[in-house]
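Visitor: I have a structure I would like to understand better, so I am pasting it below and will then ask my questions one at a time.
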Amino acid sequence: MKRLRLLTGGAAVALTTSLVACGGSPQAAVNPSIENVVVAVGALPDSLTPSPWGGSASHVVLSGLGSQLLEYKSGASDGKTCPAPSTELSGRLAESAKPSADGTGVVVTLRKLTSQFGNTLSAEDVRWSFDIGMKRQPVMKGTLKSSGFNVDNLVKVIDEHTIQLNTVGLTSYTQASLQNNLFYIHDSTEAKKHATPDDPTANAWLSKNLADYSGWKLEEFTPGTSLTVTADPKWEGTRGSVKRVAVKAVQSTATRSQLIETGEVQVANGFEYDQYKDLEKSPGVAVLNCASQTRDTMMINTKTGPLADPKVRHALSMAIDRDALVKGAYAGFGEPAGSIFPAVEGSPIYKYNKDEAKKLLAEAGYGSGFPMTLSYSATRPGPVAAKSAVLLQSMLKDVGIDVQLQNVASSTDFSTALLQGRYQAVLYSEPIVIADPAFYSYAFYGTGAPSNSTGWSNPEFDKARSELAATPDQETAKRTTLLNKMASLVDDGAAILSLVETRGMLVKRDGLSGAVPLTNGQIYFNSLGR
């Protein structure tokens with residue numbers, strides 16, 4: 001089985017990266033006649049900031065606007081096929097990023113860009129944005145810490161356009177983390193005007209207003225419903241021909257399909273997988289089926305009840321026919337997971353075996369089964385969740401587990417409950433935000449990681465992950481050995497079960513270039529029309 005290898009954007013011992021111009025992907029064919037683009041998605045967040053976090057809905061906005069220091073460089077595309085996947089970094093707001101001479105941090109030189117309010121991007125903007133980001137979103141602080149940054153003394157201002165992000169030790173993904181959606185840079189001069197004693201981060205104002213260096217002006221934002229932005233003609237960065245982007249939350253996949261087929265919408269995603277097959281036959285429509293390392297998973301609360309027993313969790317995994325799941329819910333788009341992490345195969349608990357599952361349940365004292373609530377949301381992993389949930393309910397019933405399904409409609413409510421551990425079992429999706437297993441194996445599995453709400457931890461895993469983070473990606477054999485060991489430990493604990501390794505799917509109208517899924521599956525507005 002062929003696997004995509006996406007390990008890291010840079011080695012821990014050789015972190016220097018030469019960054020191209022802001023948004024510096026190779027130029028694709030431009031269609032100057034397309035200036036207005038409508039994007040239809042399943043859900044939009046309640047905030048334009050990472051707080052409160054709306055899961056995939058927040059990715060739509062923060063990826064689209066893109067006021068981050070760095071980005072993963074996208075290859076050129078003819079608009080009908082996917083560019084080759086890459087973990088090469090390029091600059092958005094940063095002109096360059098390289099290790100300091102004394103090895104104590106990463107020195108970032110900023111590009112000359114202005115905000116919607118006419119303020120120039122400055123070192124203070126970066127300092128303030130990272131400071132408030134860590135205060136309003138604990139996940140950001142945890143991500144920075146795991147990436148090797150000194151969260152207690154993060155930003156050293158060198159001059160007005162240069163800063164050093166201090167580190168306690170470089171990792172294999174220290175620099176790549178700077179393209180994370182959470183690390184959003186605001187216009188601090190404007191934002192500070194709206195800070196209050198009760199809201200020192202100005203999040204209440206920023207959540208409904210744009211003050212950043214994305215190159216877009218806010219026309220309107222209705223939380224959870226719609227977002228419209230227009231190109232700022234004074235912005236100095238690189239963008240395509242598109243001058244206005246309207247993003248609409250359209251919950252019905254049938255309506256979304258109709259809108260893209262009639263041309264009322266130019267870009268759409270989040271369909272039922274059998275709808276992608278139908279859309280491939282539609283005239284004037286292109287379906288991009290791109291390589292991805294995203295996994296749809298089942299997360300399990302291991303703290304109480306029958307699921308606190310690893311034997312029960314092993315039984316749960318072995319009762320799931322992942323091949324049938326791919327065929328039935330995913331219409332063949334994707335591959336059945338062979339272990340918890342991509343590129344690792346052959347985990348014993350991933351072999352479909354109902355008899356062994358029943359045996360393990362009996363050994364754990366649950367030979368007669370038990371009731372279990374499985375939560376899911378169409379906001380993440382998407383519309384497929386409903387079909388997956390029903391199929392899983394049927395599969396688990398065959399071994400005596402009585403599954404009650406709970407549909408959570410709100411993306412914010414779903415993400416909040418997940419982070420707080422208010423679930424028994426939940427369907428989820430892990431899009432690759434930082435394409436290095438040393439990172440994504442930490443976020444949900446590391447002891448104390450901010451997204452680890454299952455209650456599982458393992459010191460041996462933590463040690464191996466730390467060693468992986470300190471190993472350059474050139475040392476392929478060592479990294480592979482460490483990743484296999486980590487996968488074995490996670491699968492033994494079975495707090496999270498990988499179900500399907502999915503594809504990066506996007507539907508677009510012919511003639512629109514630049515609409516290519518990013519690493520996390522979303523699009524970058526400034527690439528539209530390039």
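Residue numbering restarts at 1 in every chain; chains get A, B, ... in the order shown in the structure tokens, and ligands count up from 1 in that same order.
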Residues within 12 Å of range 365-368 of chain A, please, as a list in words. Count only C-alpha atoms; anything in the same chain fewer than 2 positions from it doesn't count.
Guide: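 These residues fall inside the cut-off: Gly305, Pro306, Leu307, Asp309, Lys311, Val312, Arg313, Ala315, Leu316, Asp355, Glu356, Ala357, Lys358, Lys359, Leu360, Leu361, Ala362, Glu363, Phe370, Pro371, Lys397, Asp398, Val399, Gly400, Ile401 and Asp402 of chain A.
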Visitor: Considering only C-alpha atoms, return as an mmCIF file with N, CA, C and O atoms, in the first residue's frame whatever protein or nucleic-acid residues lie within 12 Å of Ala449 in chain A, sequence-local ones (same chain, fewer than 5 positions apart) excluded.
Guide:
```cif
data_model
loop_
_atom_site.group_PDB
_atom_site.id
_atom_site.type_symbol
_atom_site.label_atom_id
_atom_site.label_comp_id
_atom_site.auth_asym_id
_atom_site.auth_seq_id
_atom_site.Cartn_x
_atom_site.Cartn_y
_atom_site.Cartn_z
ATOM 1 N N PRO A 138 -5.301 28.177 25.342
ATOM 2 C CA PRO A 138 -4.273 27.322 25.950
ATOM 3 C C PRO A 138 -3.621 26.351 24.967
ATOM 4 O O PRO A 138 -2.452 25.997 25.134
ATOM 5 N N VAL A 139 -4.368 25.926 23.940
ATOM 6 C CA VAL A 139 -3.802 25.004 22.955
ATOM 7 C C VAL A 139 -2.615 25.658 22.242
ATOM 8 O O VAL A 139 -1.629 24.999 21.916
ATOM 9 N N MET A 140 -2.708 26.973 22.004
ATOM 10 C CA MET A 140 -1.595 27.667 21.350
ATOM 11 C C MET A 140 -0.352 27.620 22.223
ATOM 12 O O MET A 140 0.746 27.352 21.731
ATOM 13 N N LYS A 141 -0.517 27.859 23.507
ATOM 14 C CA LYS A 141 0.632 27.830 24.404
ATOM 15 C C LYS A 141 1.245 26.440 24.434
ATOM 16 O O LYS A 141 2.476 26.284 24.396
ATOM 17 N N GLY A 142 0.405 25.416 24.480
ATOM 18 C CA GLY A 142 0.909 24.048 24.485
ATOM 19 C C GLY A 142 1.635 23.699 23.202
ATOM 20 O O GLY A 142 2.661 23.006 23.216
ATOM 21 N N THR A 143 1.129 24.192 22.065
ATOM 22 C CA THR A 143 1.769 23.929 20.782
ATOM 23 C C THR A 143 3.131 24.604 20.700
ATOM 24 O O THR A 143 4.113 24.018 20.226
ATOM 25 N N LEU A 144 3.203 25.853 21.152
ATOM 26 C CA LEU A 144 4.483 26.563 21.167
ATOM 27 C C LEU A 144 5.505 25.838 22.042
ATOM 28 O O LEU A 144 6.664 25.670 21.659
ATOM 29 N N LYS A 145 5.055 25.415 23.221
ATOM 30 C CA LYS A 145 5.961 24.730 24.147
ATOM 31 C C LYS A 145 6.469 23.433 23.545
ATOM 32 O O LYS A 145 7.674 23.133 23.608
ATOM 33 N N SER A 146 5.573 22.657 22.950
ATOM 34 C CA SER A 146 5.993 21.381 22.360
ATOM 35 C C SER A 146 6.903 21.585 21.162
ATOM 36 O O SER A 146 7.676 20.703 20.793
ATOM 37 N N SER A 147 6.821 22.767 20.534
ATOM 38 C CA SER A 147 7.652 23.066 19.368
ATOM 39 C C SER A 147 9.041 23.561 19.752
ATOM 40 O O SER A 147 9.851 23.867 18.872
ATOM 41 N N LEU A 419 -12.627 19.123 24.006
ATOM 42 C CA LEU A 419 -11.465 19.592 24.763
ATOM 43 C C LEU A 419 -11.643 19.399 26.263
ATOM 44 O O LEU A 419 -10.677 19.179 26.995
ATOM 45 N N PHE A 439 5.045 16.222 15.946
ATOM 46 C CA PHE A 439 4.020 17.134 16.455
ATOM 47 C C PHE A 439 2.670 16.457 16.592
ATOM 48 O O PHE A 439 2.068 16.445 17.647
ATOM 49 N N TYR A 440 2.160 15.882 15.477
ATOM 50 C CA TYR A 440 0.788 15.392 15.563
ATOM 51 C C TYR A 440 0.660 14.186 16.483
ATOM 52 O O TYR A 440 -0.433 13.876 16.955
ATOM 53 N N SER A 441 1.771 13.524 16.789
ATOM 54 C CA SER A 441 1.710 12.440 17.775
ATOM 55 C C SER A 441 1.737 12.990 19.199
ATOM 56 O O SER A 441 1.489 12.248 20.152
ATOM 57 N N TYR A 442 2.047 14.270 19.330
ATOM 58 C CA TYR A 442 2.005 14.899 20.658
ATOM 59 C C TYR A 442 0.621 15.463 20.964
ATOM 60 O O TYR A 442 0.086 15.272 22.062
ATOM 61 N N ALA A 443 0.036 16.136 19.989
ATOM 62 C CA ALA A 443 -1.143 16.957 20.246
ATOM 63 C C ALA A 443 -2.270 16.214 20.959
ATOM 64 O O ALA A 443 -2.913 16.751 21.864
ATOM 65 N N PHE A 444 -2.524 14.957 20.588
ATOM 66 C CA PHE A 444 -3.629 14.205 21.173
ATOM 67 C C PHE A 444 -3.175 13.060 22.077
ATOM 68 O O PHE A 444 -4.008 12.434 22.738
ATOM 69 N N THR A 454 -8.492 12.318 26.521
ATOM 70 C CA THR A 454 -8.933 10.936 26.719
ATOM 71 C C THR A 454 -8.550 10.387 28.089
ATOM 72 O O THR A 454 -9.126 9.407 28.554
ATOM 73 N N GLY A 455 -7.547 10.998 28.726
ATOM 74 C CA GLY A 455 -7.079 10.517 30.019
ATOM 75 C C GLY A 455 -5.920 9.540 29.919
ATOM 76 O O GLY A 455 -5.392 9.091 30.940
ATOM 77 N N TRP A 456 -5.487 9.219 28.692
ATOM 78 C CA TRP A 456 -4.393 8.259 28.503
ATOM 79 C C TRP A 456 -3.062 8.981 28.519
ATOM 80 O O TRP A 456 -2.906 10.071 27.968
ATOM 81 N N SER A 457 -2.065 8.387 29.141
ATOM 82 C CA SER A 457 -0.697 8.888 29.058
ATOM 83 C C SER A 457 0.258 7.729 29.276
ATOM 84 O O SER A 457 -0.095 6.725 29.905
ATOM 85 N N ASP A 462 6.048 9.267 25.732
ATOM 86 C CA ASP A 462 6.528 10.649 25.816
ATOM 87 C C ASP A 462 8.027 10.721 25.532
ATOM 88 O O ASP A 462 8.500 11.628 24.831
#
```
Visitor: What is the CA of Phe271 in chain A to CA of Ser252 in chain A distance in Å?
Guide: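 CA of Ser252 in chain A lies at a distance of 9.0 Å from CA of Phe271 in chain A.
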Visitor: Could you check the closest approach to Tyr428 in chain A for each of A:Leu497, A:Leu506, A:Ala469, A:Ala487 and tell me which residue wins, using only C-alpha atoms?
Guide: A:Leu497
Visitor: Name the residues in contact with range 153-161 of chain A at a cut-off of 8 Å, using only C-alpha atoms, excluding same-chain residues fewer than 3 positions from it; report them as a list in words.
Guide: Thr109, Leu110, Arg111, Leu121, Ser122, Ala123, Glu124, Arg127, Phe149, Asn150, Gln164, Leu165, Asn166 and Thr167 of chain A
Visitor: Any chance you can output those residues with all heavy atoms as a short mmCIF file (atom, residue, chain, number, x, y, z; two decimals), in the first residue's frame?
Guide:
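Produced file part35.cif, reproduced below:
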```cif
data_model
loop_
_atom_site.label_atom_id
_atom_site.label_comp_id
_atom_site.auth_asym_id
_atom_site.auth_seq_id
_atom_site.Cartn_x
_atom_site.Cartn_y
_atom_site.Cartn_z
N THR A 109 12.42 38.11 10.14
CA THR A 109 12.38 39.44 9.55
C THR A 109 11.04 39.60 8.84
O THR A 109 10.64 38.75 8.04
CB THR A 109 13.52 39.62 8.53
OG1 THR A 109 14.77 39.40 9.20
CG2 THR A 109 13.51 41.03 7.94
N LEU A 110 10.34 40.67 9.15
CA LEU A 110 8.99 40.87 8.66
C LEU A 110 8.96 41.59 7.32
O LEU A 110 9.82 42.43 7.05
CB LEU A 110 8.18 41.67 9.68
CG LEU A 110 8.06 41.05 11.07
CD1 LEU A 110 7.37 42.02 12.02
CD2 LEU A 110 7.31 39.72 11.02
N ARG A 111 7.99 41.27 6.51
CA ARG A 111 7.76 41.97 5.25
C ARG A 111 7.11 43.33 5.51
O ARG A 111 6.51 43.55 6.56
CB ARG A 111 6.85 41.14 4.34
CG ARG A 111 7.48 39.84 3.86
CD ARG A 111 6.53 39.08 2.95
NE ARG A 111 6.11 39.88 1.82
CZ ARG A 111 6.87 40.11 0.75
NH1 ARG A 111 8.08 39.60 0.68
NH2 ARG A 111 6.41 40.83 -0.25
N LEU A 121 3.00 46.46 9.53
CA LEU A 121 3.36 45.27 10.30
C LEU A 121 4.64 45.52 11.08
O LEU A 121 5.65 45.96 10.51
CB LEU A 121 3.55 44.09 9.34
CG LEU A 121 4.07 42.77 9.94
CD1 LEU A 121 3.09 42.20 10.94
CD2 LEU A 121 4.34 41.77 8.81
N SER A 122 4.61 45.23 12.37
CA SER A 122 5.75 45.55 13.23
C SER A 122 6.07 44.41 14.18
O SER A 122 5.27 43.48 14.37
CB SER A 122 5.44 46.80 14.05
OG SER A 122 4.41 46.53 15.00
N ALA A 123 7.24 44.51 14.79
CA ALA A 123 7.64 43.54 15.80
C ALA A 123 6.66 43.53 16.96
O ALA A 123 6.38 42.48 17.54
CB ALA A 123 9.05 43.86 16.29
N GLU A 124 6.11 44.68 17.29
CA GLU A 124 5.15 44.75 18.39
C GLU A 124 3.88 43.98 18.06
O GLU A 124 3.27 43.36 18.94
CB GLU A 124 4.80 46.21 18.70
CG GLU A 124 3.69 46.42 19.71
CD GLU A 124 3.96 45.80 21.08
OE1 GLU A 124 5.11 45.44 21.39
OE2 GLU A 124 2.99 45.66 21.87
N ARG A 127 4.78 40.39 18.84
CA ARG A 127 4.89 40.20 20.28
C ARG A 127 3.52 40.17 20.94
O ARG A 127 3.19 39.26 21.71
CB ARG A 127 5.73 41.32 20.91
CG ARG A 127 6.06 41.09 22.40
CD ARG A 127 6.31 42.38 23.13
NE ARG A 127 5.11 43.21 23.20
CZ ARG A 127 4.08 42.99 24.02
NH1 ARG A 127 4.09 41.95 24.84
NH2 ARG A 127 3.04 43.79 24.01
N PHE A 149 9.67 26.28 21.82
CA PHE A 149 9.75 27.70 22.13
C PHE A 149 9.68 27.93 23.64
O PHE A 149 9.07 27.16 24.39
CB PHE A 149 8.62 28.46 21.44
CG PHE A 149 8.79 28.56 19.95
CD1 PHE A 149 8.00 27.80 19.10
CD2 PHE A 149 9.74 29.40 19.40
CE1 PHE A 149 8.15 27.86 17.73
CE2 PHE A 149 9.91 29.48 18.02
CZ PHE A 149 9.11 28.71 17.19
N ASN A 150 10.29 29.02 24.06
CA ASN A 150 10.29 29.41 25.47
C ASN A 150 9.03 30.23 25.74
O ASN A 150 9.02 31.45 25.51
CB ASN A 150 11.55 30.24 25.78
CG ASN A 150 11.66 30.58 27.26
OD1 ASN A 150 10.72 30.44 28.02
ND2 ASN A 150 12.83 31.07 27.67
N GLN A 164 13.12 37.97 17.57
CA GLN A 164 13.61 36.62 17.80
C GLN A 164 12.59 35.89 18.65
O GLN A 164 12.17 36.38 19.70
CB GLN A 164 14.96 36.63 18.52
CG GLN A 164 15.45 35.21 18.87
CD GLN A 164 16.84 35.17 19.45
OE1 GLN A 164 17.77 35.67 18.84
NE2 GLN A 164 16.99 34.57 20.63
N LEU A 165 12.18 34.72 18.18
CA LEU A 165 11.32 33.85 18.96
C LEU A 165 12.23 32.91 19.74
O LEU A 165 12.87 32.03 19.15
CB LEU A 165 10.37 33.08 18.05
CG LEU A 165 9.40 33.96 17.25
CD1 LEU A 165 8.59 33.12 16.27
CD2 LEU A 165 8.47 34.74 18.16
N ASN A 166 12.31 33.11 21.03
CA ASN A 166 13.27 32.38 21.86
C ASN A 166 12.88 30.91 22.01
O ASN A 166 11.69 30.57 22.12
CB ASN A 166 13.36 33.03 23.24
CG ASN A 166 13.90 34.45 23.16
OD1 ASN A 166 14.80 34.74 22.38
ND2 ASN A 166 13.33 35.34 23.96
N THR A 167 13.87 30.06 22.04
CA THR A 167 13.64 28.62 22.17
C THR A 167 14.41 28.07 23.38
O THR A 167 15.37 28.66 23.84
CB THR A 167 14.11 27.87 20.91
OG1 THR A 167 15.49 28.14 20.69
CG2 THR A 167 13.30 28.28 19.70
#
```
Visitor: Give me, as a ChimeraX atom specification, all polymer residues having an atom no more than 7 Å from Trp216 in chain A, counting only C-alpha atoms and skipping those fewer than 5 positions away in the same chain.
Guide: /A:229-232
Visitor: Please write the residues from the selection above to a file, keeping N, CA and C atoms, as an mmCIF file, in the first residue's frame.
Guide:
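The new file selection-v8.cif reads:
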```
data_model
loop_
_atom_site.group_PDB
_atom_site.id
_atom_site.type_symbol
_atom_site.label_atom_id
_atom_site.label_comp_id
_atom_site.auth_asym_id
_atom_site.auth_seq_id
_atom_site.Cartn_x
_atom_site.Cartn_y
_atom_site.Cartn_z
ATOM 1 N N VAL A 229 -15.324 39.128 2.428
ATOM 2 C CA VAL A 229 -14.156 40.007 2.485
ATOM 3 C C VAL A 229 -13.845 40.533 1.086
ATOM 4 N N THR A 230 -13.281 41.746 1.032
ATOM 5 C CA THR A 230 -12.870 42.335 -0.233
ATOM 6 C C THR A 230 -11.383 42.657 -0.169
ATOM 7 N N ALA A 231 -10.715 42.577 -1.312
ATOM 8 C CA ALA A 231 -9.274 42.792 -1.375
ATOM 9 C C ALA A 231 -8.932 44.246 -1.044
ATOM 10 N N ASP A 232 -7.951 44.423 -0.166
ATOM 11 C CA ASP A 232 -7.459 45.754 0.183
ATOM 12 C C ASP A 232 -6.498 46.197 -0.913
#
```
Visitor: Do you have, as JSON lines, the list of residues of range 265-331 of chain A lying at most 6 Å from range 67-86 of chain A, each with its nearest atom pair and that distance in Å to one decimal, counting only C-alpha atoms and ordered by chain then number?
Guide:
```
{"residue": "A:Ala286", "atom": "CA", "partner": "A:Lys80", "partner_atom": "CA", "distance": 5.7}
{"residue": "A:Leu288", "atom": "CA", "partner": "A:Thr81", "partner_atom": "CA", "distance": 5.9}
{"residue": "A:Cys290", "atom": "CA", "partner": "A:Cys82", "partner_atom": "CA", "distance": 5.5}
```
Visitor: Could you write out that same residue set with all heavy atoms as an mmCIF file, in the first residue's frame?
Guide:
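Now in result.cif:
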```cif
data_model
loop_
_atom_site.group_PDB
_atom_site.id
_atom_site.type_symbol
_atom_site.label_atom_id
_atom_site.label_comp_id
_atom_site.auth_asym_id
_atom_site.auth_seq_id
_atom_site.Cartn_x
_atom_site.Cartn_y
_atom_site.Cartn_z
ATOM 1 N N ALA A 286 -14.735 20.552 -11.417
ATOM 2 C CA ALA A 286 -13.557 19.713 -11.184
ATOM 3 C C ALA A 286 -13.560 19.256 -9.733
ATOM 4 O O ALA A 286 -13.813 20.051 -8.822
ATOM 5 C CB ALA A 286 -12.282 20.485 -11.484
ATOM 6 N N LEU A 288 -11.108 17.807 -7.006
ATOM 7 C CA LEU A 288 -9.717 17.542 -6.658
ATOM 8 C C LEU A 288 -9.680 16.459 -5.577
ATOM 9 O O LEU A 288 -10.316 16.591 -4.532
ATOM 10 C CB LEU A 288 -9.038 18.806 -6.156
ATOM 11 C CG LEU A 288 -8.947 19.984 -7.143
ATOM 12 C CD1 LEU A 288 -8.110 21.109 -6.556
ATOM 13 C CD2 LEU A 288 -8.379 19.555 -8.485
ATOM 14 N N CYS A 290 -6.973 14.863 -3.517
ATOM 15 C CA CYS A 290 -5.562 15.088 -3.207
ATOM 16 C C CYS A 290 -5.064 14.180 -2.091
ATOM 17 O O CYS A 290 -5.835 13.761 -1.217
ATOM 18 C CB CYS A 290 -5.344 16.546 -2.793
ATOM 19 S SG CYS A 290 -5.827 17.744 -4.053
#
```
Visitor: Report as a PyMOL selection string: the residues of range 269-410 of chain A with a DSSP assignment of alpha helix (DSSP H), based on the backbone of this structure.
Guide: chain A and resi 273-279+310-318+322-329+354-363+384-397
Visitor: Tell me which of A:Ala385, A:Ser377, A:Pro517, A:Thr302 sits closest to Ala425 in chain A, counting only C-alpha atoms.
Guide: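 Answer, going by the shortest atom-to-atom distance: A:Thr302.
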Visitor: Given the choices A:Gln522, A:Thr171, A:Gln420, A:Thr228, which gets closest to Leu468 in chain A if the distance is worked out from only C-alpha atoms?
Guide: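 Smallest distance to Leu468 in chain A is found for A:Thr171.
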Visitor: For a test of reading the model, state the distance in Å between CA of Val38 in chain A and CA of Pro431 in chain A, rounded to one decimal.
Guide: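 Distance reported for this atom pair: 23.6 Å.
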Visitor: Please determine, counting only C-alpha atoms, which residue among A:Asp321, A:Glu272, A:Asp278, A:Glu219 has the shortest atom-to-atom distance to Tyr350 in chain A.
Guide: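 Among the listed residues, the smallest separation from Tyr350 in chain A belongs to A:Asp321.
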Visitor: Would you return as a list in words the members of range 69-209 of chain A that DSSP assigns to strand (DSSP E) on this structure's backbone?
Guide: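 Of range 69-209 of chain A, the ones in strand (DSSP E) are Leu70, Glu71, Tyr72, Leu89, Ser90, Gly91, Ala94, Glu95, Ser96, Ala97, Lys98, Pro99, Gly105, Val106, Val107, Val108, Thr109, Leu110, Val155, Lys156, Val157, Ile158, Asp159, Thr162, Ile163, Gln164, Leu165 and Asn166 of chain A.
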Visitor: Can you write out the residues you just picked, keeping C-alpha atoms, as a compact mmCIF listing (two decimals), in the first residue's frame?
Guide:
```
# COMPACT_ATOMS: atom_id res chain seq x y z
CA LEU A 70 4.85 31.19 7.36
CA GLU A 71 3.02 28.73 5.14
CA TYR A 72 3.59 25.36 3.54
CA LEU A 89 8.14 26.47 3.97
CA SER A 90 7.65 29.90 2.44
CA GLY A 91 6.75 33.28 3.88
CA ALA A 94 7.79 36.89 7.16
CA GLU A 95 10.52 37.79 4.69
CA SER A 96 12.88 35.31 6.29
CA ALA A 97 13.19 33.02 9.30
CA LYS A 98 16.44 31.42 10.47
CA PRO A 99 18.16 30.31 13.67
CA GLY A 105 15.92 31.19 18.95
CA VAL A 106 14.50 31.78 15.49
CA VAL A 107 15.06 35.25 14.01
CA VAL A 108 12.14 36.46 11.90
CA THR A 109 12.38 39.44 9.55
CA LEU A 110 8.99 40.87 8.66
CA VAL A 155 9.54 37.27 21.92
CA LYS A 156 12.67 39.40 21.85
CA VAL A 157 12.24 42.58 19.80
CA ILE A 158 15.43 43.29 17.83
CA ASP A 159 14.13 46.26 15.86
CA THR A 162 12.78 41.99 13.34
CA ILE A 163 12.08 39.71 16.25
CA GLN A 164 13.61 36.62 17.80
CA LEU A 165 11.32 33.85 18.96
CA ASN A 166 13.27 32.38 21.86
```
Visitor: Report, in Å with one decimal, the straight-line distance from CA of Ile300 in chain A to CA of Leu374 in chain A.
Guide: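 Between CA of Ile300 in chain A and CA of Leu374 in chain A the gap works out to 9.3 Å.
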Visitor: If you count only C-alpha atoms, which residues fall within 9 Å of Arg509 in chain A, apart from same-chain ones fewer than 2 positions away, as a PyMOL selection string?
Guide: chain A and resi 79+260-261+263+265-267+284-287+507+511-512
Visitor: From the set A:Tyr352, A:Tyr445, A:Trp128, A:Phe183, which residue has the shortest atom-to-atom contact distance to Pro336 in chain A, counting only C-alpha atoms?
Guide: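 Answer, going by the shortest atom-to-atom distance: A:Tyr352.
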Visitor: Which residues come within 8 Å of range 56-66 of chain A, counting only C-alpha atoms, excluding same-chain residues fewer than 6 positions away, as a ChimeraX atom specification?
Guide: /A:42-45,47-50,92,181,184,214-216,379-380,411,520,522-526
Visitor: Which of these, A:Gly382, A:Arg244, A:Lys351, A:Pro472, has the shortest distance to Thr174 in chain A once you count only C-alpha atoms?
Guide: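 Counting only C-alpha atoms, the residue closest to Thr174 in chain A is A:Pro472.
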